[in-house]
$ cat work14.cif   # mmCIF, C-alpha atoms
data_structure
loop_
_atom_site.label_atom_id
_atom_site.label_comp_id
_atom_site.auth_asym_id
_atom_site.auth_seq_id
_atom_site.Cartn_x
_atom_site.Cartn_y
_atom_site.Cartn_z
CA MET A 1 -12.23 11.22 25.38
CA THR A 2 -11.73 8.70 22.55
CA VAL A 3 -8.33 7.76 21.12
CA LEU A 4 -9.16 9.66 17.94
CA GLU A 5 -10.06 12.78 19.88
CA LYS A 6 -6.74 12.54 21.71
CA LEU A 7 -4.89 12.14 18.39
CA ASN A 8 -6.69 15.16 16.96
CA ARG A 9 -5.63 17.23 19.95
CA LEU A 10 -2.07 15.92 19.67
CA ALA A 11 -1.89 16.83 15.97
CA GLN A 12 -2.99 20.39 16.68
CA ALA A 13 -0.48 20.74 19.51
CA CYS A 14 2.38 19.53 17.31
CA LEU A 15 1.96 22.36 14.80
CA SER A 16 3.90 24.68 17.11
CA GLN A 17 7.04 22.65 16.33
CA TYR A 18 6.93 23.76 12.67
CA GLU A 19 7.42 27.08 10.91
CA LEU A 20 3.70 27.81 11.03
CA SER A 21 1.68 30.70 12.42
CA PRO A 22 -0.41 30.31 15.60
CA LEU A 23 -3.48 30.34 13.31
CA ALA A 24 -2.58 27.02 11.65
CA THR A 25 -5.13 24.23 12.06
CA ALA A 26 -5.01 20.43 11.65
CA THR A 27 -8.14 18.80 10.16
CA LEU A 28 -8.50 15.00 10.11
CA ILE A 29 -8.89 13.68 6.56
CA ASN A 30 -8.21 9.95 7.04
CA TYR A 31 -8.17 7.58 10.00
CA THR A 32 -7.47 3.95 9.22
CA GLU A 33 -4.10 2.61 10.29
CA ASN A 34 -2.49 6.06 10.64
CA SER A 35 -4.07 9.42 11.34
CA THR A 36 -3.69 11.90 8.48
CA TYR A 37 -4.44 15.62 8.75
CA ARG A 38 -4.65 18.55 6.36
CA VAL A 39 -2.83 21.50 7.85
CA ASP A 40 -3.96 24.98 6.79
CA ASP A 41 -2.05 28.12 7.70
CA PRO A 42 -4.22 31.15 6.86
CA ALA A 43 -1.37 33.55 7.62
CA SER A 44 0.70 32.25 4.69
CA GLY A 45 -2.00 30.53 2.66
CA ASN A 46 0.12 27.35 2.66
CA ARG A 47 -1.23 23.83 3.10
CA PHE A 48 0.51 20.68 4.34
CA ILE A 49 -0.19 17.08 5.30
CA PHE A 50 0.62 15.81 8.79
CA ARG A 51 0.70 12.11 9.60
CA ILE A 52 0.68 10.44 13.01
CA TYR A 53 1.89 6.87 12.63
CA ARG A 54 0.13 3.99 14.32
CA VAL A 55 1.75 2.37 17.34
CA GLY A 56 3.66 -0.90 17.25
CA VAL A 57 4.14 -1.39 13.52
CA HIS A 58 7.14 0.63 12.30
CA ASP A 59 9.96 1.91 14.48
CA ARG A 60 11.98 5.06 13.83
CA GLN A 61 14.48 3.25 11.61
CA ALA A 62 11.74 1.81 9.40
CA ILE A 63 9.86 5.11 9.05
CA GLU A 64 13.05 7.02 8.27
CA SER A 65 13.80 4.38 5.62
CA GLU A 66 10.35 4.95 4.10
CA LEU A 67 10.96 8.70 3.98
CA GLY A 68 14.40 8.13 2.48
CA TRP A 69 13.08 6.04 -0.40
CA MET A 70 10.36 8.59 -1.11
CA SER A 71 13.01 11.32 -1.36
CA ALA A 72 15.26 9.18 -3.57
CA LEU A 73 12.40 8.44 -5.97
CA ARG A 74 11.66 12.13 -6.26
CA ARG A 75 15.31 13.07 -6.84
CA GLU A 76 16.45 10.19 -9.02
CA ALA A 77 13.52 8.43 -10.70
CA GLY A 78 11.19 11.22 -11.78
CA VAL A 79 8.45 9.92 -9.46
CA GLN A 80 6.60 12.73 -7.73
CA THR A 81 6.23 11.96 -4.03
CA PRO A 82 5.39 14.17 -1.04
CA GLU A 83 8.34 16.27 0.07
CA ILE A 84 9.18 16.07 3.76
CA VAL A 85 8.82 19.34 5.72
CA PRO A 86 11.29 19.50 8.61
CA ALA A 87 10.37 20.83 12.03
CA ARG A 88 11.92 24.01 13.42
CA ASP A 89 14.87 22.00 14.76
CA GLY A 90 15.42 20.33 11.38
CA ALA A 91 13.97 16.94 12.36
CA ALA A 92 12.10 15.02 9.64
CA LEU A 93 10.43 12.72 12.16
CA LEU A 94 9.05 13.79 15.53
CA LEU A 95 8.45 11.62 18.58
CA LEU A 96 5.10 12.77 19.91
CA GLY A 97 4.01 12.42 23.49
CA ASP A 98 0.75 13.04 25.30
CA ALA A 99 -0.11 12.32 28.93
CA GLU A 100 -3.39 10.67 27.92
CA LEU A 101 -1.93 8.40 25.20
CA PRO A 102 -0.22 5.32 26.67
CA GLU A 103 2.57 5.11 24.09
CA PRO A 104 4.47 7.79 22.16
CA ARG A 105 3.91 8.01 18.43
CA PHE A 106 5.88 9.30 15.48
CA GLY A 107 4.72 12.20 13.34
CA ALA A 108 5.89 13.71 10.05
CA MET A 109 4.89 16.73 7.97
CA PHE A 110 4.72 16.70 4.17
CA ALA A 111 4.24 19.31 1.50
CA PHE A 112 0.71 19.28 0.11
CA LEU A 113 0.45 17.69 -3.34
CA ALA A 114 -2.22 19.11 -5.61
CA GLY A 115 -4.29 16.70 -7.68
CA THR A 116 -7.21 14.30 -7.50
CA GLU A 117 -7.61 10.54 -7.41
CA PRO A 118 -7.91 9.13 -10.96
CA PRO A 119 -11.59 8.86 -11.94
CA GLU A 120 -13.19 5.42 -12.08
CA ASP A 121 -14.99 6.25 -15.31
CA HIS A 122 -11.64 6.10 -17.17
CA LEU A 123 -10.12 3.06 -15.51
CA ALA A 124 -8.10 1.84 -18.50
CA GLU A 125 -6.35 5.22 -18.68
CA SER A 126 -5.82 5.19 -14.92
CA PHE A 127 -4.23 1.73 -15.05
CA ASP A 128 -1.99 3.01 -17.81
CA ARG A 129 -0.75 5.62 -15.33
CA LEU A 130 -0.32 2.96 -12.65
CA GLY A 131 1.76 0.75 -14.95
CA GLU A 132 4.07 3.59 -15.92
CA VAL A 133 4.71 4.79 -12.38
CA ALA A 134 5.24 1.21 -11.17
CA ALA A 135 7.86 0.68 -13.89
CA ARG A 136 9.71 3.84 -12.86
CA MET A 137 9.72 2.78 -9.23
CA HIS A 138 10.85 -0.77 -9.98
CA LEU A 139 13.67 0.38 -12.23
CA HIS A 140 14.87 2.61 -9.42
CA SER A 141 14.54 -0.21 -6.89
CA ARG A 142 16.71 -2.53 -9.00
CA SER A 143 19.56 -0.03 -9.23
CA TRP A 144 19.35 1.89 -5.93
CA PRO A 145 22.10 1.08 -3.41
CA LEU A 146 20.30 0.75 -0.10
CA PRO A 147 21.55 3.22 2.52
CA ALA A 148 23.20 1.82 5.63
CA GLY A 149 20.59 0.80 8.17
CA PHE A 150 17.73 0.73 5.65
CA LYS A 151 14.85 -1.21 7.19
CA ARG A 152 11.47 -2.13 5.74
CA PRO A 153 9.26 -5.24 6.07
CA THR A 154 9.69 -8.21 3.75
CA TRP A 155 6.52 -9.22 1.92
CA ASN A 156 7.29 -12.89 1.28
CA PHE A 157 4.74 -15.69 1.30
CA GLU A 158 5.28 -16.53 4.96
CA ASN A 159 4.85 -12.95 6.16
CA MET A 160 1.97 -12.24 3.80
CA ILE A 161 -0.28 -15.22 4.37
CA GLY A 162 1.52 -18.54 4.74
CA GLY A 163 3.29 -18.38 8.11
CA PRO A 164 1.97 -18.77 11.66
CA ARG A 165 1.85 -14.99 12.24
CA PRO A 166 1.21 -13.12 8.97
CA ILE A 167 1.59 -9.35 9.13
CA TRP A 168 -2.10 -8.69 8.35
CA GLY A 169 -3.54 -11.67 10.20
CA ARG A 170 -4.69 -15.19 9.36
CA TRP A 171 -6.89 -15.91 6.36
CA GLN A 172 -8.42 -18.78 8.36
CA ASP A 173 -10.17 -16.12 10.47
CA GLY A 174 -11.97 -14.74 7.40
CA ILE A 175 -15.51 -13.53 8.02
CA GLY A 176 -18.09 -16.03 6.76
CA LEU A 177 -15.72 -18.99 6.37
CA ASP A 178 -17.22 -22.45 6.80
CA PRO A 179 -15.41 -25.83 6.58
CA GLU A 180 -16.11 -26.23 2.85
CA ARG A 181 -14.83 -22.76 1.98
CA GLU A 182 -11.82 -23.17 4.25
CA LYS A 183 -10.94 -26.42 2.47
CA LEU A 184 -11.21 -24.69 -0.92
CA LEU A 185 -8.98 -21.82 0.16
CA GLY A 186 -6.52 -24.24 1.76
CA ARG A 187 -6.13 -25.92 -1.64
CA LEU A 188 -5.68 -22.51 -3.20
CA MET A 189 -2.87 -21.64 -0.79
CA GLU A 190 -1.05 -24.89 -1.59
CA VAL A 191 -1.06 -24.06 -5.30
CA VAL A 192 -0.12 -20.42 -4.75
CA ALA A 193 2.77 -21.40 -2.47
CA ARG A 194 4.05 -23.96 -4.98
CA ARG A 195 3.90 -21.55 -7.90
CA LEU A 196 5.57 -18.71 -5.96
CA GLU A 197 8.38 -21.02 -4.88
CA ARG A 198 8.94 -21.99 -8.51
CA PHE A 199 8.74 -18.33 -9.60
CA GLY A 200 11.47 -17.45 -7.13
CA SER A 201 12.67 -14.21 -5.58
CA ALA A 202 15.68 -13.30 -7.67
CA ARG A 203 16.63 -9.65 -8.08
CA GLU A 204 14.71 -9.45 -11.36
CA GLN A 205 11.42 -10.39 -9.65
CA PHE A 206 11.82 -9.23 -6.04
CA GLY A 207 12.87 -5.90 -4.57
CA LEU A 208 11.66 -2.70 -2.94
CA VAL A 209 8.00 -2.08 -3.81
CA HIS A 210 5.28 0.38 -2.82
CA ALA A 211 3.01 -2.55 -1.83
CA ASP A 212 -0.21 -0.51 -1.98
CA LEU A 213 -0.08 1.06 -5.43
CA ARG A 214 -3.82 1.58 -5.86
CA LEU A 215 -5.68 4.40 -7.57
CA ALA A 216 -6.47 5.76 -4.10
CA ASN A 217 -2.74 6.39 -3.66
CA LEU A 218 -2.29 8.32 -6.89
CA LEU A 219 -2.94 12.00 -7.44
CA VAL A 220 -3.40 13.28 -10.99
CA GLU A 221 -2.86 16.88 -12.03
CA GLY A 222 -3.00 17.29 -15.80
CA ASP A 223 -0.31 15.02 -17.25
CA GLN A 224 1.40 14.61 -13.88
CA THR A 225 0.98 11.46 -11.77
CA LYS A 226 1.96 11.65 -8.11
CA VAL A 227 2.34 8.79 -5.62
CA ILE A 228 1.41 8.99 -1.94
CA ASP A 229 1.16 6.70 1.13
CA PHE A 230 4.32 4.60 1.29
CA ASP A 231 3.35 3.14 4.67
CA ASP A 232 3.35 -0.47 3.37
CA CYS A 233 6.51 -0.19 1.25
CA GLY A 234 8.96 -3.03 1.68
CA PHE A 235 10.72 -5.88 -0.08
CA GLY A 236 8.44 -8.01 -2.21
CA TRP A 237 7.63 -9.26 -5.67
CA TYR A 238 7.37 -6.46 -8.22
CA LEU A 239 4.17 -7.97 -9.61
CA TYR A 240 2.58 -7.57 -6.20
CA ASP A 241 2.22 -3.86 -7.05
CA LEU A 242 -0.11 -4.86 -9.90
CA SER A 243 -2.21 -7.04 -7.64
CA THR A 244 -2.64 -4.17 -5.17
CA ALA A 245 -3.93 -1.98 -8.01
CA LEU A 246 -6.75 -4.48 -8.54
CA THR A 247 -7.85 -4.56 -4.90
CA PHE A 248 -11.68 -4.89 -4.79
CA MET A 249 -11.75 -4.97 -8.62
CA GLU A 250 -10.84 -8.60 -9.26
CA GLU A 251 -14.39 -9.63 -10.19
CA ARG A 252 -15.08 -6.74 -12.54
CA PRO A 253 -15.94 -7.90 -16.07
CA ASP A 254 -13.19 -5.64 -17.43
CA ALA A 255 -10.53 -6.80 -14.93
CA GLN A 256 -8.42 -8.42 -17.65
CA GLU A 257 -8.56 -5.23 -19.72
CA LEU A 258 -7.23 -3.30 -16.73
CA VAL A 259 -4.39 -5.79 -16.32
CA ASP A 260 -3.58 -5.52 -20.03
CA SER A 261 -3.48 -1.71 -19.79
CA TRP A 262 -1.10 -1.86 -16.80
CA VAL A 263 1.17 -4.41 -18.51
CA ARG A 264 1.38 -2.48 -21.80
CA SER A 265 2.29 0.71 -19.98
CA TYR A 266 4.81 -1.07 -17.75
CA ARG A 267 6.56 -2.64 -20.72
CA ARG A 268 7.13 0.72 -22.35
CA LEU A 269 9.74 1.37 -19.64
CA ALA A 270 10.66 -1.89 -17.92
CA ARG A 271 11.06 -5.55 -18.78
CA LEU A 272 8.30 -7.99 -17.93
CA THR A 273 8.80 -11.56 -19.11
CA ARG A 274 6.02 -13.79 -20.40
CA ASP A 275 6.70 -16.21 -17.54
CA ALA A 276 6.17 -13.38 -15.06
CA GLU A 277 2.97 -12.28 -16.81
CA GLU A 278 1.66 -15.83 -16.47
CA GLU A 279 1.78 -15.46 -12.67
CA ILE A 280 -0.37 -12.32 -12.46
CA PRO A 281 -3.41 -14.39 -11.37
CA THR A 282 -1.26 -15.93 -8.60
CA PHE A 283 -0.41 -12.51 -7.20
CA MET A 284 -4.04 -11.45 -7.51
CA MET A 285 -5.10 -14.39 -5.33
CA LEU A 286 -2.29 -13.71 -2.87
CA ARG A 287 -3.48 -10.13 -2.44
CA ARG A 288 -7.09 -11.22 -2.21
CA MET A 289 -6.29 -13.61 0.65
CA MET A 290 -4.28 -10.92 2.44
CA VAL A 291 -7.13 -8.43 2.29
CA MET A 292 -9.54 -11.10 3.53
CA ALA A 293 -7.23 -11.61 6.51
CA TRP A 294 -6.98 -7.85 7.07
CA ILE A 295 -10.76 -7.50 7.10
CA ALA A 296 -11.00 -10.30 9.68
CA SER A 297 -8.41 -8.67 11.94
CA HIS A 298 -10.09 -5.25 11.60
CA SER A 299 -13.68 -6.36 12.09
CA ASP A 300 -14.60 -3.09 13.82
CA THR A 301 -13.82 -0.96 10.75
CA GLU A 302 -16.32 0.37 8.24
CA LEU A 303 -14.57 -1.60 5.49
CA ALA A 304 -15.04 -4.86 7.38
CA ARG A 305 -18.69 -4.09 7.99
CA SER A 306 -19.33 -3.24 4.34
CA GLU A 307 -17.34 -6.12 2.80
CA GLY A 308 -17.27 -8.88 5.42
CA ALA A 309 -18.67 -12.25 4.36
CA GLY A 310 -19.35 -11.00 0.84
CA TYR A 311 -15.64 -10.49 0.28
CA THR A 312 -14.91 -14.00 1.52
CA LEU A 313 -17.53 -15.44 -0.83
CA GLY A 314 -16.06 -13.52 -3.76
CA THR A 315 -12.61 -14.82 -2.85
CA CYS A 316 -13.97 -18.36 -3.01
CA ARG A 317 -15.42 -17.73 -6.48
CA LEU A 318 -12.07 -16.42 -7.69
CA ALA A 319 -10.26 -19.32 -6.03
CA SER A 320 -12.43 -21.86 -7.84
CA ARG A 321 -11.64 -20.27 -11.21
CA TYR A 322 -7.93 -20.08 -10.36
CA LEU A 323 -7.80 -23.75 -9.35
CA ASP A 324 -9.63 -24.80 -12.52
CA ARG A 325 -6.80 -23.15 -14.46
CA PHE A 326 -3.71 -23.91 -12.40
CA ALA A 327 -4.33 -26.81 -9.99
#
$ encode --input "work14.cif" --output "structure tokens"
Amino acid sequence: MTVLEKLNRLAQACLSQYELSPLATATLINYTENSTYRVDDPASGNRFIFRIYRVGVHDRQAIESELGWMSALRREAGVQTPEIVPARDGAALLLLGDAELPEPRFGAMFAFLAGTEPPEDHLAESFDRLGEVAARMHLHSRSWPLPAGFKRPTWNFENMIGGPRPIWGRWQDGIGLDPEREKLLGRLMEVVARRLERFGSAREQFGLVHADLRLANLLVEGDQTKVIDFDDCGFGWYLYDLSTALTFMEERPDAQELVDSWVRSYRRLARLTRDAEEEIPTFMMLRRMMVMAWIASHSDTELARSEGAGYTLGTCRLASRYLDRFA
């Protein structure tokens, strides 16, 4: 039995810990880092989302902190996030065990959010939504007093890409790198590091961010925009949320138009200085290098197989243009 088959069985078994009928079923809808299931209960007609968290990344304290920020955004900032569904005993987070899985895992149930991912044929409008929701989240982050024991990762340069053990892996392991490309990207990292150090991490620029605020993590229902998947949330530069929105879109001919749409929408609610706007390309390259490292450390995934060396080559093209402008 594969690990995924064991997780599927575990998800189904866990449903008995919630106020669900014996007819409820768990159907896998996403398996990347975590395992995410749609839960259908035909007895009530209700639908939920159940997540089993991956092993060895976030402990109980960090996951409970993630859930706490999601709830605070929903209560205090007007940002629609999935509501946590407690188990029968009132627990928001379950510790799941299975004799055939070597390590226990955490699981959480969420209310199902209606809506669809923003369509790619109206990207400017979609980036307008992204800019507005990012502004609401960042305004909340700047004013929210962190609860005691709050714990989330810090997305600084060292942890992202510059240190000996970056969270997502080493960019030097990128698929398709050769000595010439590695030299080019090494120069890029020197410039990015220098500019980020000068930009700084003061409260105005650096705080609690979603850290994966892409269209894939938005749900749209009419005029409502809902935000899901806070698994990467942590302390980082606010502009990093813009760079995540552009993941895999950096070489589009309309990429600058998408940035402009995000920035205009953001500025309707929150302050963004001209100096900060000048560093958007820096954060785009930072994100690009992180994803290249992630692909290298997840070479067995479908994403790595489909992107692979082509993504590395595209990163080198973008790096050359960036260095022509900023080196």
$ atom_distance --input "work14.cif" --atom1 "CA of Gln61 in chain A" --atom2 "CA of Leu96 in chain A"
15.7 Å
$ resolve_selection --input "work14.cif" --expression "the PyMOL selection byres ((chain A and resi 54) around 12)" --output "ChimeraX atom specification"
/A:3-4,7,31-36,51-53,55-60,63,96,101,103-107,231
$ atom_distance --input "work14.cif" --atom1 "CA of Arg74 in chain A" --atom2 "CA of Ser44 in chain A"
25.4 Å
$ axis_aligned_box --input "work14.cif" --around "range 89-106 of chain A" --padding-each-side "6 Å" --output "JSON"
{"center_x": 6.0, "center_y": 13.6, "center_z": 19.3, "size_x": 30.8, "size_y": 28.9, "size_z": 31.3}
$ closest_residue --input "work14.cif" --among "A:Leu28, A:Ala296, A:Ala13, A:Ala111" --to "Trp168 in chain A" --atoms "all atoms listed in the file"
A:Ala296
$ decode --input "work14.cif" --residues "range 281-294 of chain A" --atoms "all heavy atoms" --output "mmCIF file, in the first residue's frame"
data_model
loop_
_atom_site.group_PDB
_atom_site.id
_atom_site.type_symbol
_atom_site.label_atom_id
_atom_site.label_comp_id
_atom_site.auth_asym_id
_atom_site.auth_seq_id
_atom_site.Cartn_x
_atom_site.Cartn_y
_atom_site.Cartn_z
ATOM 1 N N PRO A 281 10.840 44.059 -8.916
ATOM 2 C CA PRO A 281 11.622 43.074 -9.677
ATOM 3 C C PRO A 281 12.560 42.244 -8.796
ATOM 4 O O PRO A 281 12.810 41.069 -9.091
ATOM 5 C CB PRO A 281 12.411 43.946 -10.665
ATOM 6 C CG PRO A 281 11.612 45.202 -10.803
ATOM 7 C CD PRO A 281 11.031 45.433 -9.452
ATOM 8 N N THR A 282 13.067 42.836 -7.709
ATOM 9 C CA THR A 282 13.936 42.090 -6.797
ATOM 10 C C THR A 282 13.169 40.949 -6.141
ATOM 11 O O THR A 282 13.660 39.811 -6.057
ATOM 12 C CB THR A 282 14.507 43.040 -5.729
ATOM 13 O OG1 THR A 282 15.295 44.049 -6.370
ATOM 14 C CG2 THR A 282 15.366 42.284 -4.723
ATOM 15 N N PHE A 283 11.963 41.228 -5.691
ATOM 16 C CA PHE A 283 11.161 40.173 -5.065
ATOM 17 C C PHE A 283 10.704 39.136 -6.082
ATOM 18 O O PHE A 283 10.571 37.949 -5.758
ATOM 19 C CB PHE A 283 9.979 40.785 -4.318
ATOM 20 C CG PHE A 283 10.391 41.488 -3.060
ATOM 21 C CD1 PHE A 283 10.518 42.858 -3.024
ATOM 22 C CD2 PHE A 283 10.702 40.764 -1.922
ATOM 23 C CE1 PHE A 283 10.931 43.513 -1.870
ATOM 24 C CE2 PHE A 283 11.114 41.403 -0.758
ATOM 25 C CZ PHE A 283 11.233 42.783 -0.737
ATOM 26 N N MET A 284 10.488 39.554 -7.318
ATOM 27 C CA MET A 284 10.150 38.590 -8.363
ATOM 28 C C MET A 284 11.297 37.608 -8.582
ATOM 29 O O MET A 284 11.082 36.396 -8.726
ATOM 30 C CB MET A 284 9.797 39.325 -9.659
ATOM 31 C CG MET A 284 8.474 40.060 -9.611
ATOM 32 S SD MET A 284 8.175 41.056 -11.090
ATOM 33 C CE MET A 284 8.140 39.796 -12.368
ATOM 34 N N MET A 285 12.542 38.111 -8.602
ATOM 35 C CA MET A 285 13.679 37.221 -8.796
ATOM 36 C C MET A 285 13.899 36.335 -7.575
ATOM 37 O O MET A 285 14.260 35.156 -7.708
ATOM 38 C CB MET A 285 14.948 38.022 -9.095
ATOM 39 C CG MET A 285 14.934 38.743 -10.430
ATOM 40 S SD MET A 285 14.431 37.714 -11.849
ATOM 41 C CE MET A 285 15.484 36.271 -11.699
ATOM 42 N N LEU A 286 13.672 36.876 -6.390
ATOM 43 C CA LEU A 286 13.787 36.078 -5.177
ATOM 44 C C LEU A 286 12.818 34.894 -5.215
ATOM 45 O O LEU A 286 13.197 33.744 -4.941
ATOM 46 C CB LEU A 286 13.506 36.963 -3.971
ATOM 47 C CG LEU A 286 13.598 36.324 -2.585
ATOM 48 C CD1 LEU A 286 15.020 35.877 -2.275
ATOM 49 C CD2 LEU A 286 13.103 37.296 -1.521
ATOM 50 N N ARG A 287 11.585 35.158 -5.562
ATOM 51 C CA ARG A 287 10.586 34.088 -5.665
ATOM 52 C C ARG A 287 10.964 33.090 -6.760
ATOM 53 O O ARG A 287 10.846 31.872 -6.587
ATOM 54 C CB ARG A 287 9.214 34.696 -5.958
ATOM 55 C CG ARG A 287 8.109 33.696 -6.264
ATOM 56 C CD ARG A 287 7.704 32.881 -5.061
ATOM 57 N NE ARG A 287 6.521 32.055 -5.351
ATOM 58 C CZ ARG A 287 5.889 31.321 -4.456
ATOM 59 N NH1 ARG A 287 6.295 31.287 -3.205
ATOM 60 N NH2 ARG A 287 4.825 30.612 -4.795
ATOM 61 N N ARG A 288 11.427 33.604 -7.867
ATOM 62 C CA ARG A 288 11.792 32.730 -8.982
ATOM 63 C C ARG A 288 12.896 31.744 -8.559
ATOM 64 O O ARG A 288 12.831 30.545 -8.865
ATOM 65 C CB ARG A 288 12.261 33.585 -10.162
ATOM 66 C CG ARG A 288 12.572 32.808 -11.422
ATOM 67 C CD ARG A 288 11.355 32.582 -12.249
ATOM 68 N NE ARG A 288 11.645 31.661 -13.353
ATOM 69 C CZ ARG A 288 10.841 31.433 -14.379
ATOM 70 N NH1 ARG A 288 9.697 32.064 -14.464
ATOM 71 N NH2 ARG A 288 11.172 30.573 -15.320
ATOM 72 N N MET A 289 13.879 32.243 -7.842
ATOM 73 C CA MET A 289 14.971 31.377 -7.394
ATOM 74 C C MET A 289 14.472 30.359 -6.365
ATOM 75 O O MET A 289 14.922 29.205 -6.344
ATOM 76 C CB MET A 289 16.085 32.233 -6.798
ATOM 77 C CG MET A 289 16.771 33.137 -7.815
ATOM 78 S SD MET A 289 17.733 32.221 -9.043
ATOM 79 C CE MET A 289 19.136 31.725 -8.049
ATOM 80 N N MET A 290 13.538 30.776 -5.511
ATOM 81 C CA MET A 290 12.982 29.838 -4.534
ATOM 82 C C MET A 290 12.233 28.702 -5.212
ATOM 83 O O MET A 290 12.370 27.533 -4.834
ATOM 84 C CB MET A 290 12.045 30.587 -3.585
ATOM 85 C CG MET A 290 12.736 31.458 -2.568
ATOM 86 S SD MET A 290 11.521 32.245 -1.485
ATOM 87 C CE MET A 290 10.830 30.820 -0.635
ATOM 88 N N VAL A 291 11.428 29.033 -6.206
ATOM 89 C CA VAL A 291 10.664 27.998 -6.898
ATOM 90 C C VAL A 291 11.610 27.065 -7.659
ATOM 91 O O VAL A 291 11.385 25.846 -7.719
ATOM 92 C CB VAL A 291 9.621 28.637 -7.836
ATOM 93 C CG1 VAL A 291 8.931 27.572 -8.687
ATOM 94 C CG2 VAL A 291 8.582 29.403 -7.021
ATOM 95 N N MET A 292 12.678 27.617 -8.226
ATOM 96 C CA MET A 292 13.659 26.775 -8.901
ATOM 97 C C MET A 292 14.259 25.780 -7.916
ATOM 98 O O MET A 292 14.462 24.595 -8.238
ATOM 99 C CB MET A 292 14.753 27.634 -9.523
ATOM 100 C CG MET A 292 15.670 26.885 -10.469
ATOM 101 S SD MET A 292 16.922 27.946 -11.230
ATOM 102 C CE MET A 292 18.111 28.047 -9.898
ATOM 103 N N ALA A 293 14.548 26.247 -6.696
ATOM 104 C CA ALA A 293 15.076 25.353 -5.669
ATOM 105 C C ALA A 293 14.039 24.309 -5.258
ATOM 106 O O ALA A 293 14.370 23.135 -5.053
ATOM 107 C CB ALA A 293 15.524 26.165 -4.450
ATOM 108 N N TRP A 294 12.771 24.736 -5.148
ATOM 109 C CA TRP A 294 11.712 23.795 -4.775
ATOM 110 C C TRP A 294 11.575 22.695 -5.833
ATOM 111 O O TRP A 294 11.447 21.510 -5.495
ATOM 112 C CB TRP A 294 10.384 24.532 -4.623
ATOM 113 C CG TRP A 294 9.272 23.689 -4.074
ATOM 114 C CD1 TRP A 294 8.883 23.590 -2.774
ATOM 115 C CD2 TRP A 294 8.403 22.801 -4.813
ATOM 116 N NE1 TRP A 294 7.834 22.707 -2.645
ATOM 117 C CE2 TRP A 294 7.514 22.206 -3.875
ATOM 118 C CE3 TRP A 294 8.287 22.470 -6.155
ATOM 119 C CZ2 TRP A 294 6.539 21.292 -4.261
ATOM 120 C CZ3 TRP A 294 7.315 21.545 -6.532
ATOM 121 C CH2 TRP A 294 6.455 20.978 -5.602
#
